Amino acid sequence: MQLAAPSPPASRRGAGPAGASPALSPPGPPALRPWSRTWRYLAAAGIAFLMWIFTSVDLLPQEGAVPTEVEARMGVALLLDGLLGIFALLLLPLRRRYPAVIGVVTGLLTGVSTAALGAAAVAAVSAATWRRWRLVLPVVLAWVAATVVYEGLWRPSLLEDTSTTAFVILSSSIAVGVVATCIATGFYVGARRELLSTLRQRAETAEREQALKAEAAREAERTRIAREMHDVLAHRISLVAMHAGALAYRTDLSREETAEAAGVIQHNAHLALSELRQVLGVLRAGSPGEHVAPEPPQPELAQVTELVAAASPHVDVTVDAAGLPEGRLPARELPATTSRTAYRVVQEALTNASKHAPGSAVVVRLAGAPGGLLTVEVVNGPPSRTAPGTPGAGLGLLGLGERVELAGGALEHDAGPDGSFTVRAWLPWEEST
């Protein structure tokens with residue numbers, strides 16, 4: 001049976017016993033604090049001193065003159081007993097690295113030294129904290145063998161007397177009881193350490209999971225705010241850029257037309273700033289001592305006519321709602337999430353048409369019924385005039401696809417060979433209860 005081998009590198013929680021497989025060995029005991037280490041050594045030393053005194057009383061005759069030869073023999077035996085006890089104490093710092101080896105060696109030393117009993121007890125408890133019988137059984141056998149040697153050979157040779165078999169058996173039984181107590185104590189300490197380690201790991205895991213959840217929530221909120229700012233501001237800023245571009249390229253405009261375009265720019269700039277303040281107000285919600293106005297309701301599909309009116313100076317928009325019940329825009333029949341998502345689809349498509357296909361004909365087709373799907377299709381033809389080259393991030397349709405997917409729908413878009421562009425979305429239309 002392998003008792004020791006070169007130890008693996010120690011960690012903060014302690015390394016496994018030398019010679020144990022890392023995959024099978026339990027986590028090592030935690031590092032001891034200075035006082036925890038000191039009182040163990042003091043306890044072992046105290047037991048060693050008491051056992052040495054008891055042995056001295058047992059070996060030295062109490063009455064009558066002691067022959068010189070006997071006195072010398074007893075003195076050598078007691079000196080050897082004390083030295084071996086000190087040697088056993090010096091081995092204790094290695095008990096965590098080589099638990100079985102130190103437990104066996106200190107146990108065998110008790111066969112000729114009762115002073116080694118303190119160190120042997122501490123080593124037995126330390127080996128048992130691993131809760132591995134292959135580490136504990138050699139220690140138990142060493143204790144039994146040492147007891148038989150001491151009571152059957154060593155002590156009788158010093159006292160020139162013979163111990164009866166019954167006395168040896170009784171002494172061995174007592175030794176087994178003592179080492180069993182040490183083993184039980186070690187098992188209890190090891191189980192308690194493992195329980196505390198498990199609870200600590202669970203707490204750390206819960207803290208990490210909580211931190212990950214908080215980070216995911218912050219990331220989701222940042223994404224939502226970024227998408228909301230794009231949806232709210234992209235349309236307004238695009239209109240501002242389109243009208244500013246028209247003023248830069250059209251030098252034949254009359255004073256009234258120039259004033260009208262400047263008014264549109266001013267109006268949309270004010271609207272963009274107002275909507276930006278509303279979106280950023282969400283970030284300040286909950287700040288102590290600060291009053292934040294309630295967030296306005298999100299626009300829904302019934303407000304598409306406002307988008308059409310805003311885009312009319314740049315594209316020719318037609319809304320075809322013949323596929324809807326009663327051939328009109330639904331005001332209350334659509335679920336709120338579906339209605340808001342459909343509005344964003346039309347808004348993004350009209351914004352892109354105004355930027356990239358000015359002067360084109362745009363058709364917005366809406367179709368569907370409760371219990372099925374709402375189909376939103378926006379088709380713009382090729383541009384009738386050169387676009388002013390309004391810059392864009394190119395992420396509008398990507399974010400729109402994520403929004404539609406979160407609503408339980410699907411989105412597709414494709415460009416035609418003639419320069420046209422089509423955006424289609426299918427959204428769930430649940431029946432109202």
# chains A, B, ... in the order shown; residues from 1 in each chain; ligands from 1
$ residues_around --residues "Ile169 of chain A" --least-positions-apart "6" --cutoff "12 Å" --atoms "only C-alpha atoms" --output "list in words"
Val144, Ala145, Thr147, Val148, Val149, Tyr150, Glu151, Gly152, Ser163, Ala175 and Val176 of chain A
$ residues_around --residues "Pro383 of chain A" --least-positions-apart "3" --cutoff "7 Å" --atoms "only C-alpha atoms" --output "list in words"
Ala357, Pro358, Gly359 and Ser360 of chain A
$ residues_around --residues "Thr106 of chain A" --least-positions-apart "2" --cutoff "9 Å" --atoms "only C-alpha atoms" --output "list of chain:residue names"
A:Gly85, A:Phe87, A:Ala88, A:Leu89, A:Leu91, A:Leu92, A:Val101, A:Ile102, A:Gly103, A:Val104, A:Leu108, A:Leu109, A:Thr110, A:Ala116, A:Leu117, A:Ala119, A:Ala120, A:Ala121, A:Ala123, A:Ala124, A:Val139, A:Ala142, A:Trp143
$ atom_distance --atom1 "atom CA of Val125 of chain A" --atom2 "atom CA of Val57 of chain A"
28.2 Å
$ atom_distance --atom1 "atom CA of Ala367 of chain A" --atom2 "atom CA of Leu406 of chain A"
20.6 Å
$ residues_around --residues "Ala321 of chain A" --least-positions-apart "5" --cutoff "6 Å" --atoms "only C-alpha atoms" --output "list in words"
Gly327, Arg328, Arg365 and Leu366 of chain A
$ write_last_selection --atoms "N, CA and C atoms" --output "short mmCIF file (atom, residue, chain, number, x, y, z; two decimals), in the first residue's frame"
data_model
loop_
_atom_site.label_atom_id
_atom_site.label_comp_id
_atom_site.auth_asym_id
_atom_site.auth_seq_id
_atom_site.Cartn_x
_atom_site.Cartn_y
_atom_site.Cartn_z
N GLY A 327 -60.58 47.02 -43.35
CA GLY A 327 -59.75 47.80 -44.24
C GLY A 327 -59.21 49.08 -43.64
N ARG A 328 -58.93 49.09 -42.37
CA ARG A 328 -58.41 50.29 -41.70
C ARG A 328 -57.34 49.90 -40.70
N ARG A 365 -47.90 48.07 -46.90
CA ARG A 365 -49.03 47.13 -46.94
C ARG A 365 -49.16 46.45 -45.58
N LEU A 366 -50.39 46.45 -45.10
CA LEU A 366 -50.70 45.82 -43.83
C LEU A 366 -51.80 44.80 -44.05
#
$ residues_around --residues "Leu301 of chain A" --least-positions-apart "3" --cutoff "6 Å" --atoms "only C-alpha atoms" --output "PyMOL selection string"
chain A and resi 304+339+343
$ residues_around --residues "segment 372-376 of chain A" --least-positions-apart "3" --cutoff "6 Å" --atoms "only C-alpha atoms" --output "PDB file with C-alpha atoms, in the first residue's frame"
ATOM      1  CA  ARG A 365     -49.030  47.133 -46.939  1.00  0.00           C
ATOM      2  CA  LEU A 366     -50.699  45.820 -43.825  1.00  0.00           C
ATOM      3  CA  ALA A 367     -52.608  42.537 -43.684  1.00  0.00           C
ATOM      4  CA  GLY A 368     -53.731  39.979 -41.143  1.00  0.00           C
ATOM      5  CA  ALA A 369     -56.451  39.087 -38.694  1.00  0.00           C
ATOM      6  CA  ARG A 424     -41.297  42.329 -44.582  1.00  0.00           C
ATOM      7  CA  ALA A 425     -42.252  41.398 -41.046  1.00  0.00           C
ATOM      8  CA  TRP A 426     -44.627  38.825 -39.632  1.00  0.00           C
ATOM      9  CA  LEU A 427     -45.849  39.376 -36.090  1.00  0.00           C
ATOM     10  CA  PRO A 428     -48.200  37.293 -33.924  1.00  0.00           C
ATOM     11  CA  TRP A 429     -51.741  38.651 -33.678  1.00  0.00           C
TER      12      TRP A 429
END
$ residues_around --residues "Val240 of chain A" --least-positions-apart "4" --cutoff "7 Å" --atoms "only C-alpha atoms" --output "MDAnalysis selection string"
chainID A and resid 236 244 265 268:269
$ write_last_selection --atoms "N, CA, C and O atoms" --output "PDB file, in the first residue's frame"
ATOM      1  N   ARG A 236     -35.999  61.216 -36.806  1.00  0.00           N
ATOM      2  CA  ARG A 236     -35.940  62.685 -36.737  1.00  0.00           C
ATOM      3  C   ARG A 236     -34.634  63.225 -37.315  1.00  0.00           C
ATOM      4  O   ARG A 236     -34.630  64.189 -38.099  1.00  0.00           O
ATOM      5  N   ALA A 244     -31.444  69.483 -44.546  1.00  0.00           N
ATOM      6  CA  ALA A 244     -30.198  70.256 -44.607  1.00  0.00           C
ATOM      7  C   ALA A 244     -29.458  69.972 -45.913  1.00  0.00           C
ATOM      8  O   ALA A 244     -28.875  70.880 -46.522  1.00  0.00           O
ATOM      9  N   ILE A 265     -36.509  71.679 -40.464  1.00  0.00           N
ATOM     10  CA  ILE A 265     -35.288  71.296 -39.743  1.00  0.00           C
ATOM     11  C   ILE A 265     -35.398  71.679 -38.273  1.00  0.00           C
ATOM     12  O   ILE A 265     -35.092  70.881 -37.372  1.00  0.00           O
ATOM     13  N   ASN A 268     -38.035  69.375 -36.420  1.00  0.00           N
ATOM     14  CA  ASN A 268     -37.563  68.009 -36.161  1.00  0.00           C
ATOM     15  C   ASN A 268     -36.401  67.989 -35.179  1.00  0.00           C
ATOM     16  O   ASN A 268     -36.246  67.031 -34.410  1.00  0.00           O
ATOM     17  N   ALA A 269     -35.555  69.031 -35.204  1.00  0.00           N
ATOM     18  CA  ALA A 269     -34.471  69.107 -34.232  1.00  0.00           C
ATOM     19  C   ALA A 269     -35.025  69.244 -32.817  1.00  0.00           C
ATOM     20  O   ALA A 269     -34.554  68.597 -31.879  1.00  0.00           O
TER      21      ALA A 269
END
$ atom_distance --atom1 "atom CA of Ala302 of chain A" --atom2 "atom CA of Leu329 of chain A"
5.7 Å
$ decode --residues "segment 359-381 of chain A" --atoms "N, CA, C and O atoms" --output "PDB file, in the first residue's frame"
ATOM      1  N   GLY A 359     -37.375  60.603 -53.183  1.00  0.00           N
ATOM      2  CA  GLY A 359     -38.231  60.766 -54.348  1.00  0.00           C
ATOM      3  C   GLY A 359     -38.879  59.486 -54.836  1.00  0.00           C
ATOM      4  O   GLY A 359     -39.635  59.513 -55.816  1.00  0.00           O
ATOM      5  N   SER A 360     -38.611  58.358 -54.176  1.00  0.00           N
ATOM      6  CA  SER A 360     -39.173  57.088 -54.631  1.00  0.00           C
ATOM      7  C   SER A 360     -40.603  56.931 -54.138  1.00  0.00           C
ATOM      8  O   SER A 360     -41.050  57.624 -53.214  1.00  0.00           O
ATOM      9  N   ALA A 361     -41.317  56.000 -54.766  1.00  0.00           N
ATOM     10  CA  ALA A 361     -42.672  55.657 -54.340  1.00  0.00           C
ATOM     11  C   ALA A 361     -42.584  54.532 -53.322  1.00  0.00           C
ATOM     12  O   ALA A 361     -41.953  53.507 -53.576  1.00  0.00           O
ATOM     13  N   VAL A 362     -43.208  54.742 -52.183  1.00  0.00           N
ATOM     14  CA  VAL A 362     -43.164  53.768 -51.091  1.00  0.00           C
ATOM     15  C   VAL A 362     -44.577  53.285 -50.821  1.00  0.00           C
ATOM     16  O   VAL A 362     -45.504  54.094 -50.694  1.00  0.00           O
ATOM     17  N   VAL A 363     -44.736  51.969 -50.728  1.00  0.00           N
ATOM     18  CA  VAL A 363     -46.040  51.371 -50.422  1.00  0.00           C
ATOM     19  C   VAL A 363     -45.913  50.605 -49.109  1.00  0.00           C
ATOM     20  O   VAL A 363     -45.050  49.735 -48.973  1.00  0.00           O
ATOM     21  N   VAL A 364     -46.786  50.954 -48.187  1.00  0.00           N
ATOM     22  CA  VAL A 364     -46.853  50.269 -46.904  1.00  0.00           C
ATOM     23  C   VAL A 364     -48.089  49.381 -46.921  1.00  0.00           C
ATOM     24  O   VAL A 364     -49.218  49.888 -46.969  1.00  0.00           O
ATOM     25  N   ARG A 365     -47.904  48.068 -46.899  1.00  0.00           N
ATOM     26  CA  ARG A 365     -49.030  47.133 -46.939  1.00  0.00           C
ATOM     27  C   ARG A 365     -49.158  46.450 -45.582  1.00  0.00           C
ATOM     28  O   ARG A 365     -48.175  45.927 -45.031  1.00  0.00           O
ATOM     29  N   LEU A 366     -50.386  46.452 -45.098  1.00  0.00           N
ATOM     30  CA  LEU A 366     -50.699  45.820 -43.825  1.00  0.00           C
ATOM     31  C   LEU A 366     -51.803  44.799 -44.051  1.00  0.00           C
ATOM     32  O   LEU A 366     -52.807  45.096 -44.709  1.00  0.00           O
ATOM     33  N   ALA A 367     -51.614  43.593 -43.511  1.00  0.00           N
ATOM     34  CA  ALA A 367     -52.608  42.537 -43.684  1.00  0.00           C
ATOM     35  C   ALA A 367     -52.559  41.606 -42.494  1.00  0.00           C
ATOM     36  O   ALA A 367     -51.529  41.488 -41.814  1.00  0.00           O
ATOM     37  N   GLY A 368     -53.677  40.943 -42.240  1.00  0.00           N
ATOM     38  CA  GLY A 368     -53.731  39.979 -41.143  1.00  0.00           C
ATOM     39  C   GLY A 368     -55.059  40.039 -40.432  1.00  0.00           C
ATOM     40  O   GLY A 368     -55.940  40.862 -40.760  1.00  0.00           O
ATOM     41  N   ALA A 369     -55.217  39.163 -39.455  1.00  0.00           N
ATOM     42  CA  ALA A 369     -56.451  39.087 -38.694  1.00  0.00           C
ATOM     43  C   ALA A 369     -56.142  38.495 -37.337  1.00  0.00           C
ATOM     44  O   ALA A 369     -55.130  37.799 -37.158  1.00  0.00           O
ATOM     45  N   PRO A 370     -56.987  38.763 -36.336  1.00  0.00           N
ATOM     46  CA  PRO A 370     -56.772  38.171 -35.006  1.00  0.00           C
ATOM     47  C   PRO A 370     -56.724  36.646 -35.075  1.00  0.00           C
ATOM     48  O   PRO A 370     -57.447  36.018 -35.829  1.00  0.00           O
ATOM     49  N   GLY A 371     -55.830  36.069 -34.284  1.00  0.00           N
ATOM     50  CA  GLY A 371     -55.632  34.635 -34.289  1.00  0.00           C
ATOM     51  C   GLY A 371     -54.618  34.156 -35.299  1.00  0.00           C
ATOM     52  O   GLY A 371     -54.317  32.964 -35.357  1.00  0.00           O
ATOM     53  N   GLY A 372     -54.089  35.057 -36.106  1.00  0.00           N
ATOM     54  CA  GLY A 372     -53.102  34.692 -37.107  1.00  0.00           C
ATOM     55  C   GLY A 372     -51.869  35.553 -36.999  1.00  0.00           C
ATOM     56  O   GLY A 372     -51.338  35.765 -35.902  1.00  0.00           O
ATOM     57  N   LEU A 373     -51.401  36.055 -38.127  1.00  0.00           N
ATOM     58  CA  LEU A 373     -50.208  36.887 -38.179  1.00  0.00           C
ATOM     59  C   LEU A 373     -50.529  38.245 -38.774  1.00  0.00           C
ATOM     60  O   LEU A 373     -51.387  38.352 -39.670  1.00  0.00           O
ATOM     61  N   LEU A 374     -49.849  39.248 -38.275  1.00  0.00           N
ATOM     62  CA  LEU A 374     -49.901  40.571 -38.896  1.00  0.00           C
ATOM     63  C   LEU A 374     -48.721  40.686 -39.840  1.00  0.00           C
ATOM     64  O   LEU A 374     -47.573  40.511 -39.431  1.00  0.00           O
ATOM     65  N   THR A 375     -48.991  40.955 -41.097  1.00  0.00           N
ATOM     66  CA  THR A 375     -47.944  41.101 -42.103  1.00  0.00           C
ATOM     67  C   THR A 375     -47.728  42.578 -42.387  1.00  0.00           C
ATOM     68  O   THR A 375     -48.688  43.303 -42.701  1.00  0.00           O
ATOM     69  N   VAL A 376     -46.509  43.006 -42.252  1.00  0.00           N
ATOM     70  CA  VAL A 376     -46.130  44.396 -42.550  1.00  0.00           C
ATOM     71  C   VAL A 376     -45.113  44.341 -43.674  1.00  0.00           C
ATOM     72  O   VAL A 376     -44.046  43.729 -43.529  1.00  0.00           O
ATOM     73  N   GLU A 377     -45.430  44.995 -44.785  1.00  0.00           N
ATOM     74  CA  GLU A 377     -44.522  45.013 -45.931  1.00  0.00           C
ATOM     75  C   GLU A 377     -44.356  46.449 -46.411  1.00  0.00           C
ATOM     76  O   GLU A 377     -45.347  47.149 -46.654  1.00  0.00           O
ATOM     77  N   VAL A 378     -43.122  46.878 -46.485  1.00  0.00           N
ATOM     78  CA  VAL A 378     -42.809  48.230 -46.961  1.00  0.00           C
ATOM     79  C   VAL A 378     -41.885  48.078 -48.160  1.00  0.00           C
ATOM     80  O   VAL A 378     -40.786  47.527 -48.046  1.00  0.00           O
ATOM     81  N   VAL A 379     -42.374  48.565 -49.328  1.00  0.00           N
ATOM     82  CA  VAL A 379     -41.616  48.454 -50.575  1.00  0.00           C
ATOM     83  C   VAL A 379     -41.370  49.852 -51.118  1.00  0.00           C
ATOM     84  O   VAL A 379     -42.311  50.629 -51.281  1.00  0.00           O
ATOM     85  N   ASN A 380     -40.095  50.175 -51.331  1.00  0.00           N
ATOM     86  CA  ASN A 380     -39.787  51.459 -51.959  1.00  0.00           C
ATOM     87  C   ASN A 380     -39.131  51.199 -53.313  1.00  0.00           C
ATOM     88  O   ASN A 380     -38.323  50.268 -53.464  1.00  0.00           O
ATOM     89  N   GLY A 381     -39.501  51.993 -54.282  1.00  0.00           N
ATOM     90  CA  GLY A 381     -38.934  51.869 -55.613  1.00  0.00           C
ATOM     91  C   GLY A 381     -37.556  52.494 -55.692  1.00  0.00           C
ATOM     92  O   GLY A 381     -37.007  52.964 -54.687  1.00  0.00           O
TER      93      GLY A 381
END
